[in-house]
Amino acid sequence: MTRTKLMRNRNSLVGISVKSSVSLLALMSGLVAPSFAQAQTTPEPEEDRTARQDTIVVTAQKREQKLDEVGMSIDAFSADQLQDRGVSNPEDLIKLIPGFTYTRSQFDQPTYTIRGVGYFESSLAAGPTVSVYVDQVPLPYPSMTRGAILDLERVEVLKGPQGTLFGQNSTGGAVNYIAAKPTDEFEAGGRISYGRFDTVEASGYISGALSKNLRARIAIKTEQSGDWQRSVTRDDTQGSTNFTAARLLVDFEPTDRVRFQLNVNGWADKSDTQAPQVLEVTPVNPAIPLDLRVANSVLVNPGPRDADFDPNIDFSRNNKFFQASLRGDFDLSDNVTLTSITSYQTFDQFAFQDADGTPARNLHIIPRGDINSFSQELRLSGQSLDNRLNWLLGANYANDEVEDNQQIFLGESTGAFVGPFFFDTFFNLANNDIETWAVFGNAEFNLTDNLSVQGGVRYTEATAKYQSCTTDSGAGDLATIFGFIQSLVAFPGPPPGAGECITLQPDFSTGYVTNELNENNVSWRVGLNWHPFADDTLLYANVSQGFKAGSFPTLSASNSGQLDPVTQEELLAYEAGFKTPIGPNVHLNGAAFYYDYKDKQLRGRVLDPIFGQLERLVNIPNSEIYGAELQLLWTPVDGLRLSANGSYLKSEIKRNDDGSDFFNFPQRVGAAIPFTGNTFPHTPELSFSLDGQYDWSVSEDLNAFFGAGLTYQSDTKGGLESADDDRPANLSPTAGAAYNDPALNIDSYILLDLRAGIEAQDQRWRLSVWGKNVTDELYSVNTLVIQDTLSQYAGRPATYGATFTVKY
């Protein structure tokens, strides 16, 4: 039996419809509703699930503080809240955090964006704008973050530049996952779910003391599922999940003043890559007849599951991650602590990506690569004797070695023809060696009991050594083309041979491009925190500056100029906000911000005489972002918890310093045009989330709950050139800044999740049923031109199931 037939047979066992999901939730509600009508009491308070904001502890400034005492915009969620909202992987955070978006490229690379600050770049060595940490240990590249959500205590999302404490590459913000720690007493728990597409999710942990001074905790989770995508041209499916992650934590306290924390973790992802949905056919070379399988691939009114892909191909990944870190805390006195954090991590990537969304080999990609990363942080922190001053001084070193190898298949694309020549397959190769040094300091001083000032500064030096080229596959077809080009200019040297580099140097020789990028910067932050009333209200204002390091690309390069780096970007942020309780049952948070953005990094495009229009890294000299956020937490009656989060965001590309427009090549026009006045891609203007849950007692030993969550994102776009709401669609390159391409628009969407269940009064066990995207909304996470097609990557369809959780 073939793989696709096996997956199809597995899926045939599940025939539940969306209506069945809603009915199942209604049934669970109906089972417990009669008892609710008779109940006279509400359940005992669940401290983890219903904790007030002023009791939430965060480590945003690398020390424990109450959330209401930190003068910056932070979203923090406990493990129970993550479970309630169905957050099981990083992209699910869009349900919780307005202004946060997740995008995946055709090279299977994720991009996280906060408040419009993101870097949509598919190179493995591309640093993020949103840094991700687990217990203050960095995951320096987005590809490493897949398994971060495992046995957590909470997650903290910090908005705005965080360079002073979290380093460069955090201009948008930082996500810090806090793992659940080893316990003094024995604890154990497990969770198993079964859902649509034969999805089985299982996780468990064991924690406790091994001796007087030694504690340990081990956690593991796995997700296995059948295929969720289906071909629209034949009886075939793909999209299975095969993911497993595990972590071992060991805490050792040899003395009262010395503490060690060992973290060994890893994950393996053998899940299928996702096939896109074709929206339009856009031939790269209109003079070449289009393959009929491509011409007939446009989907009309597709559902979330509908797609197409090449038959008889295994699309499973083989991605692996391993990390080991050791933290040591040494109390030099009652008020001074020396902290060392050492980490080593490695990531290996292999995947097969059908990037074109057709049954033809229009664009297939095999991204291979590996990352070896080492980091060391050493810092001193302490308090003054009168506790008015908290301070921190430190240094950080990191070294990353990244090998990136992209195998590209274009054999059935019009882009595979160059004049009378034809080529099929080639490789993009790149090696990066990145070394970073930094020193930093941070302090907060209480001027009075109600007023404090804070500040931080970080100096960073970074060196990136790079070698890259595009090579012939070994068949000699691409080498022949470039040998012919060399003959046209009478190049005296030998032509490239089969399997050799074909990237043209300035003198028309071919070979590896070698380069080096040396940069330094100073990130800083100053802020004022004021508690004007006795009710813990906080008013704050900050000014901060952050940087994202420059980087080199991995891409198809016919000439060395395409492999030039982008230089570091700079973001100057102004933010003011408040955090205030309104009576005992309401909490309101708000912030307004303005970002002055210099040299924003972006994948732009150039018109190449050999490959046609190709991507190239570019800096946008001037742009700006401004917006506001509001969060409401409300407990109107015992047992009922409501929350609302909203974000307004506006971005714009400004004129260059000399008053000229910013020019670049749009994806579907062969001439450079100005983009001044356009907004950023993947930056919805409005986003909000609503959530509510009611808990009540069914009996002395049993509680019940019912909840719902709603997520909204307004229109955005997949490229700089797609139409803004206040501009007419116009595909003429002579229309100047009014040029727009509505085909790249990403429509607004609303996602509805439901949940209901019962649990023991002592919370030792819990049974729930749930539905995600229960209306089966078709929504896009990215839209882009891919060779001869314009395609979108759809979000997951309706899923539903049941979960049982037990704790000891």
# chains A, B, ... in the order shown; residues from 1 in each chain; ligands from 1
call {"tool": "residues_around", "arguments": {"residues": "Val294 in chain A", "least_positions_apart": "6", "cutoff": "8 Å", "atoms": "only C-alpha atoms", "output": "ChimeraX atom specification"}}
result
/A:281,358-360,362,788-789
call {"tool": "residues_around", "arguments": {"residues": "Phe330 in chain A", "least_positions_apart": "3", "cutoff": "9 Å", "atoms": "only C-alpha atoms", "output": "NGL selection string"}}
result
:A and (257-260 or 333 or 336-340)
call {"tool": "write_last_selection", "arguments": {"atoms": "all heavy atoms", "output": "PDB file, in the first residue's frame"}}
result
ATOM      1  N   ARG A 257      23.829  29.262  49.232  1.00  0.00           N
ATOM      2  CA  ARG A 257      24.221  30.395  48.394  1.00  0.00           C
ATOM      3  C   ARG A 257      24.593  29.996  46.960  1.00  0.00           C
ATOM      4  O   ARG A 257      24.948  30.857  46.159  1.00  0.00           O
ATOM      5  CB  ARG A 257      25.398  31.139  49.031  1.00  0.00           C
ATOM      6  CG  ARG A 257      25.016  31.898  50.298  1.00  0.00           C
ATOM      7  CD  ARG A 257      26.187  32.715  50.819  1.00  0.00           C
ATOM      8  NE  ARG A 257      25.792  33.550  51.943  1.00  0.00           N
ATOM      9  CZ  ARG A 257      25.300  34.768  51.848  1.00  0.00           C
ATOM     10  NH1 ARG A 257      25.157  35.303  50.643  1.00  0.00           N
ATOM     11  NH2 ARG A 257      24.966  35.460  52.915  1.00  0.00           N
ATOM     12  N   VAL A 258      24.480  28.735  46.632  1.00  0.00           N
ATOM     13  CA  VAL A 258      24.854  28.271  45.304  1.00  0.00           C
ATOM     14  C   VAL A 258      23.729  27.423  44.729  1.00  0.00           C
ATOM     15  O   VAL A 258      23.234  26.498  45.387  1.00  0.00           O
ATOM     16  CB  VAL A 258      26.162  27.446  45.337  1.00  0.00           C
ATOM     17  CG1 VAL A 258      26.508  26.944  43.936  1.00  0.00           C
ATOM     18  CG2 VAL A 258      27.314  28.285  45.890  1.00  0.00           C
ATOM     19  N   ARG A 259      23.317  27.737  43.485  1.00  0.00           N
ATOM     20  CA  ARG A 259      22.222  27.011  42.830  1.00  0.00           C
ATOM     21  C   ARG A 259      22.595  26.753  41.371  1.00  0.00           C
ATOM     22  O   ARG A 259      23.121  27.644  40.690  1.00  0.00           O
ATOM     23  CB  ARG A 259      20.928  27.827  42.888  1.00  0.00           C
ATOM     24  CG  ARG A 259      20.462  28.143  44.302  1.00  0.00           C
ATOM     25  CD  ARG A 259      19.295  29.121  44.317  1.00  0.00           C
ATOM     26  NE  ARG A 259      19.648  30.433  43.756  1.00  0.00           N
ATOM     27  CZ  ARG A 259      20.306  31.372  44.414  1.00  0.00           C
ATOM     28  NH1 ARG A 259      20.732  31.149  45.664  1.00  0.00           N
ATOM     29  NH2 ARG A 259      20.569  32.539  43.846  1.00  0.00           N
ATOM     30  N   PHE A 260      22.303  25.538  40.911  1.00  0.00           N
ATOM     31  CA  PHE A 260      22.523  25.181  39.520  1.00  0.00           C
ATOM     32  C   PHE A 260      21.227  24.656  38.915  1.00  0.00           C
ATOM     33  O   PHE A 260      20.463  23.938  39.582  1.00  0.00           O
ATOM     34  CB  PHE A 260      23.609  24.098  39.390  1.00  0.00           C
ATOM     35  CG  PHE A 260      24.979  24.566  39.775  1.00  0.00           C
ATOM     36  CD1 PHE A 260      25.503  24.261  41.024  1.00  0.00           C
ATOM     37  CD2 PHE A 260      25.748  25.315  38.896  1.00  0.00           C
ATOM     38  CE1 PHE A 260      26.771  24.685  41.386  1.00  0.00           C
ATOM     39  CE2 PHE A 260      27.017  25.743  39.249  1.00  0.00           C
ATOM     40  CZ  PHE A 260      27.529  25.435  40.506  1.00  0.00           C
ATOM     41  N   SER A 333      26.754  37.925  48.344  1.00  0.00           N
ATOM     42  CA  SER A 333      26.344  38.505  49.625  1.00  0.00           C
ATOM     43  C   SER A 333      24.829  38.431  49.681  1.00  0.00           C
ATOM     44  O   SER A 333      24.187  37.876  48.782  1.00  0.00           O
ATOM     45  CB  SER A 333      26.830  39.960  49.733  1.00  0.00           C
ATOM     46  OG  SER A 333      26.114  40.789  48.827  1.00  0.00           O
ATOM     47  N   VAL A 336      23.912  40.685  46.520  1.00  0.00           N
ATOM     48  CA  VAL A 336      24.599  40.610  45.230  1.00  0.00           C
ATOM     49  C   VAL A 336      24.666  39.149  44.783  1.00  0.00           C
ATOM     50  O   VAL A 336      25.077  38.275  45.555  1.00  0.00           O
ATOM     51  CB  VAL A 336      26.020  41.202  45.300  1.00  0.00           C
ATOM     52  CG1 VAL A 336      26.709  41.064  43.949  1.00  0.00           C
ATOM     53  CG2 VAL A 336      25.969  42.661  45.725  1.00  0.00           C
ATOM     54  N   THR A 337      24.276  38.908  43.517  1.00  0.00           N
ATOM     55  CA  THR A 337      24.278  37.559  42.950  1.00  0.00           C
ATOM     56  C   THR A 337      25.031  37.556  41.621  1.00  0.00           C
ATOM     57  O   THR A 337      24.825  38.442  40.779  1.00  0.00           O
ATOM     58  CB  THR A 337      22.850  37.047  42.727  1.00  0.00           C
ATOM     59  OG1 THR A 337      22.164  36.992  43.978  1.00  0.00           O
ATOM     60  CG2 THR A 337      22.853  35.645  42.109  1.00  0.00           C
ATOM     61  N   LEU A 338      25.887  36.571  41.451  1.00  0.00           N
ATOM     62  CA  LEU A 338      26.570  36.335  40.182  1.00  0.00           C
ATOM     63  C   LEU A 338      25.843  35.207  39.458  1.00  0.00           C
ATOM     64  O   LEU A 338      25.635  34.136  40.020  1.00  0.00           O
ATOM     65  CB  LEU A 338      28.033  35.950  40.422  1.00  0.00           C
ATOM     66  CG  LEU A 338      28.838  35.514  39.184  1.00  0.00           C
ATOM     67  CD1 LEU A 338      29.014  36.686  38.221  1.00  0.00           C
ATOM     68  CD2 LEU A 338      30.192  34.943  39.594  1.00  0.00           C
ATOM     69  N   THR A 339      25.464  35.458  38.187  1.00  0.00           N
ATOM     70  CA  THR A 339      24.715  34.475  37.401  1.00  0.00           C
ATOM     71  C   THR A 339      25.477  34.154  36.119  1.00  0.00           C
ATOM     72  O   THR A 339      25.939  35.056  35.416  1.00  0.00           O
ATOM     73  CB  THR A 339      23.313  35.003  37.043  1.00  0.00           C
ATOM     74  OG1 THR A 339      22.582  35.249  38.238  1.00  0.00           O
ATOM     75  CG2 THR A 339      22.551  33.988  36.190  1.00  0.00           C
ATOM     76  N   SER A 340      25.580  32.870  35.831  1.00  0.00           N
ATOM     77  CA  SER A 340      26.193  32.400  34.594  1.00  0.00           C
ATOM     78  C   SER A 340      25.182  31.523  33.865  1.00  0.00           C
ATOM     79  O   SER A 340      24.580  30.630  34.471  1.00  0.00           O
ATOM     80  CB  SER A 340      27.464  31.591  34.895  1.00  0.00           C
ATOM     81  OG  SER A 340      27.928  30.928  33.726  1.00  0.00           O
TER      82      SER A 340
END
call {"tool": "closest_residue", "arguments": {"among": "A:Leu378, A:Leu517, A:Ala802, A:Leu528", "to": "Leu447 in chain A", "atoms": "only C-alpha atoms"}}
result
A:Leu528
call {"tool": "residues_around", "arguments": {"residues": "Thr711 in chain A", "least_positions_apart": "6", "cutoff": "7 Å", "atoms": "only C-alpha atoms", "output": "count of residues only"}}
result
7
call {"tool": "residues_around", "arguments": {"residues": "range 544-561 of chain A", "least_positions_apart": "2", "cutoff": "7 Å", "atoms": "only C-alpha atoms", "output": "JSON, numbers by chain"}}
result
{"A": [123, 126, 129, 161, 162, 163, 168, 169, 170, 171, 428, 429, 430, 469, 470, 502, 503, 504, 505, 513, 523, 524, 525, 526, 542, 563, 564, 565, 566, 567, 568, 569, 570, 571, 572, 573, 574, 610, 617]}
call {"tool": "select_by_dssp", "arguments": {"residues": "range 450-571 of chain A", "states": "strand (DSSP E)", "output": "number ranges by chain"}}
result
A: 451-472, 513-530, 538-548, 569-571
call {"tool": "closest_residue", "arguments": {"among": "A:Gln274, A:Ser325, A:Asn176, A:Gln407", "to": "Ala794 in chain A", "atoms": "only C-alpha atoms"}}
result
A:Gln274
call {"tool": "closest_residue", "arguments": {"among": "A:Asp80, A:Gly394, A:Trp696, A:Asp251", "to": "Asp638 in chain A", "atoms": "only C-alpha atoms"}}
result
A:Trp696
call {"tool": "residues_around", "arguments": {"residues": "Arg317 in chain A", "least_positions_apart": "2", "cutoff": "9 Å", "atoms": "only C-alpha atoms", "output": "number ranges by chain"}}
result
A: 269-273, 314-315, 319, 349-353
call {"tool": "write_last_selection", "arguments": {"atoms": "N, CA and C atoms", "output": "PDB file, in the first residue's frame"}}
result
ATOM      1  N   ASP A 269      10.793  16.660  14.374  1.00  0.00           N
ATOM      2  CA  ASP A 269       9.587  16.959  13.597  1.00  0.00           C
ATOM      3  C   ASP A 269       9.676  16.241  12.254  1.00  0.00           C
ATOM      4  N   LYS A 270       8.821  15.241  12.080  1.00  0.00           N
ATOM      5  CA  LYS A 270       8.739  14.502  10.826  1.00  0.00           C
ATOM      6  C   LYS A 270       7.381  14.730  10.149  1.00  0.00           C
ATOM      7  N   SER A 271       6.758  15.857  10.487  1.00  0.00           N
ATOM      8  CA  SER A 271       5.455  16.202   9.911  1.00  0.00           C
ATOM      9  C   SER A 271       5.608  16.597   8.444  1.00  0.00           C
ATOM     10  N   ASP A 272       4.502  16.498   7.704  1.00  0.00           N
ATOM     11  CA  ASP A 272       4.500  16.944   6.313  1.00  0.00           C
ATOM     12  C   ASP A 272       4.559  18.459   6.229  1.00  0.00           C
ATOM     13  N   THR A 273       5.205  18.960   5.195  1.00  0.00           N
ATOM     14  CA  THR A 273       5.125  20.379   4.883  1.00  0.00           C
ATOM     15  C   THR A 273       3.754  20.682   4.268  1.00  0.00           C
ATOM     16  N   ASP A 314       7.089  12.026  -0.945  1.00  0.00           N
ATOM     17  CA  ASP A 314       7.034  12.077   0.512  1.00  0.00           C
ATOM     18  C   ASP A 314       7.371  13.502   0.963  1.00  0.00           C
ATOM     19  N   PHE A 315       6.392  14.193   1.533  1.00  0.00           N
ATOM     20  CA  PHE A 315       6.584  15.587   1.936  1.00  0.00           C
ATOM     21  C   PHE A 315       6.990  15.730   3.399  1.00  0.00           C
ATOM     22  N   ASN A 319      13.364  17.318  10.676  1.00  0.00           N
ATOM     23  CA  ASN A 319      13.989  18.396  11.426  1.00  0.00           C
ATOM     24  C   ASN A 319      14.245  17.941  12.858  1.00  0.00           C
ATOM     25  N   GLN A 349      18.029  20.435   9.549  1.00  0.00           N
ATOM     26  CA  GLN A 349      16.820  20.615   8.749  1.00  0.00           C
ATOM     27  C   GLN A 349      16.890  19.804   7.466  1.00  0.00           C
ATOM     28  N   PHE A 350      15.778  19.145   7.167  1.00  0.00           N
ATOM     29  CA  PHE A 350      15.560  18.539   5.854  1.00  0.00           C
ATOM     30  C   PHE A 350      14.057  18.499   5.622  1.00  0.00           C
ATOM     31  N   ALA A 351      13.629  18.936   4.460  1.00  0.00           N
ATOM     32  CA  ALA A 351      12.197  18.920   4.145  1.00  0.00           C
ATOM     33  C   ALA A 351      12.041  18.890   2.632  1.00  0.00           C
ATOM     34  N   PHE A 352      10.874  18.477   2.199  1.00  0.00           N
ATOM     35  CA  PHE A 352      10.528  18.567   0.777  1.00  0.00           C
ATOM     36  C   PHE A 352       9.287  19.441   0.692  1.00  0.00           C
ATOM     37  N   GLN A 353       9.412  20.572   0.009  1.00  0.00           N
ATOM     38  CA  GLN A 353       8.347  21.562  -0.056  1.00  0.00           C
ATOM     39  C   GLN A 353       7.821  21.682  -1.476  1.00  0.00           C
TER      40      GLN A 353
END
call {"tool": "atom_distance", "arguments": {"atom1": "CA of Gly328 in chain A", "atom2": "CA of Asp151 in chain A"}}
result
21.9 Å
call {"tool": "closest_residue", "arguments": {"among": "A:Pro532, A:Gly659, A:Gly303, A:Gly127", "to": "Tyr112 in chain A", "atoms": "only C-alpha atoms"}}
result
A:Gly127
call {"tool": "residues_around", "arguments": {"residues": "Pro581 in chain A", "least_positions_apart": "4", "cutoff": "7 Å", "atoms": "only C-alpha atoms", "output": "PyMOL selection string"}}
result
chain A and resi 535+537+586-588
call {"tool": "closest_residue", "arguments": {"among": "A:Arg230, A:Leu150, A:Leu158, A:Gly116", "to": "Thr244 in chain A", "atoms": "only C-alpha atoms"}}
result
A:Leu150
call {"tool": "select_by_dssp", "arguments": {"residues": "range 431-481 of chain A", "states": "helix (DSSP H, G or I)", "output": "ChimeraX atom specification"}}
result
/A:477-481
call {"tool": "write_last_selection", "arguments": {"atoms": "all heavy atoms", "output": "mmCIF file, in the first residue's frame"}}
result
data_model
loop_
_atom_site.group_PDB
_atom_site.id
_atom_site.type_symbol
_atom_site.label_atom_id
_atom_site.label_comp_id
_atom_site.auth_asym_id
_atom_site.auth_seq_id
_atom_site.Cartn_x
_atom_site.Cartn_y
_atom_site.Cartn_z
ATOM 1 N N ASP A 477 23.498 21.635 -17.324
ATOM 2 C CA ASP A 477 22.618 22.508 -18.096
ATOM 3 C C ASP A 477 22.779 23.977 -17.718
ATOM 4 O O ASP A 477 22.886 24.855 -18.579
ATOM 5 C CB ASP A 477 21.157 22.061 -17.962
ATOM 6 C CG ASP A 477 20.745 21.774 -16.527
ATOM 7 O OD1 ASP A 477 21.542 22.047 -15.609
ATOM 8 O OD2 ASP A 477 19.619 21.272 -16.320
ATOM 9 N N LEU A 478 22.833 24.263 -16.421
ATOM 10 C CA LEU A 478 22.995 25.651 -15.994
ATOM 11 C C LEU A 478 24.421 26.136 -16.266
ATOM 12 O O LEU A 478 24.631 27.305 -16.620
ATOM 13 C CB LEU A 478 22.651 25.781 -14.511
ATOM 14 C CG LEU A 478 22.273 27.175 -14.000
ATOM 15 C CD1 LEU A 478 21.118 27.762 -14.780
ATOM 16 C CD2 LEU A 478 21.935 27.127 -12.511
ATOM 17 N N ALA A 479 25.392 25.265 -16.111
ATOM 18 C CA ALA A 479 26.778 25.640 -16.423
ATOM 19 C C ALA A 479 26.913 26.018 -17.891
ATOM 20 O O ALA A 479 27.664 26.952 -18.238
ATOM 21 C CB ALA A 479 27.718 24.485 -16.072
ATOM 22 N N THR A 480 26.196 25.324 -18.778
ATOM 23 C CA THR A 480 26.251 25.643 -20.214
ATOM 24 C C THR A 480 25.736 27.051 -20.479
ATOM 25 O O THR A 480 26.298 27.804 -21.279
ATOM 26 C CB THR A 480 25.423 24.621 -21.011
ATOM 27 O OG1 THR A 480 25.984 23.320 -20.829
ATOM 28 C CG2 THR A 480 25.415 24.961 -22.490
ATOM 29 N N ILE A 481 24.638 27.429 -19.802
ATOM 30 C CA ILE A 481 24.073 28.771 -19.979
ATOM 31 C C ILE A 481 25.085 29.838 -19.587
ATOM 32 O O ILE A 481 25.311 30.818 -20.318
ATOM 33 C CB ILE A 481 22.775 28.911 -19.163
ATOM 34 C CG1 ILE A 481 21.701 27.958 -19.688
ATOM 35 C CG2 ILE A 481 22.281 30.353 -19.184
ATOM 36 C CD1 ILE A 481 20.437 27.931 -18.848
#
call {"tool": "closest_residue", "arguments": {"among": "A:Lys66, A:Arg115, A:Lys717, A:Arg217", "to": "Glu187 in chain A", "atoms": "only C-alpha atoms"}}
result
A:Arg217
call {"tool": "atom_distance", "arguments": {"atom1": "CA of Ser452 in chain A", "atom2": "CA of Lys579 in chain A"}}
result
15.4 Å
call {"tool": "atom_distance", "arguments": {"atom1": "CA of Pro636 in chain A", "atom2": "CA of Leu93 in chain A"}}
result
25.8 Å
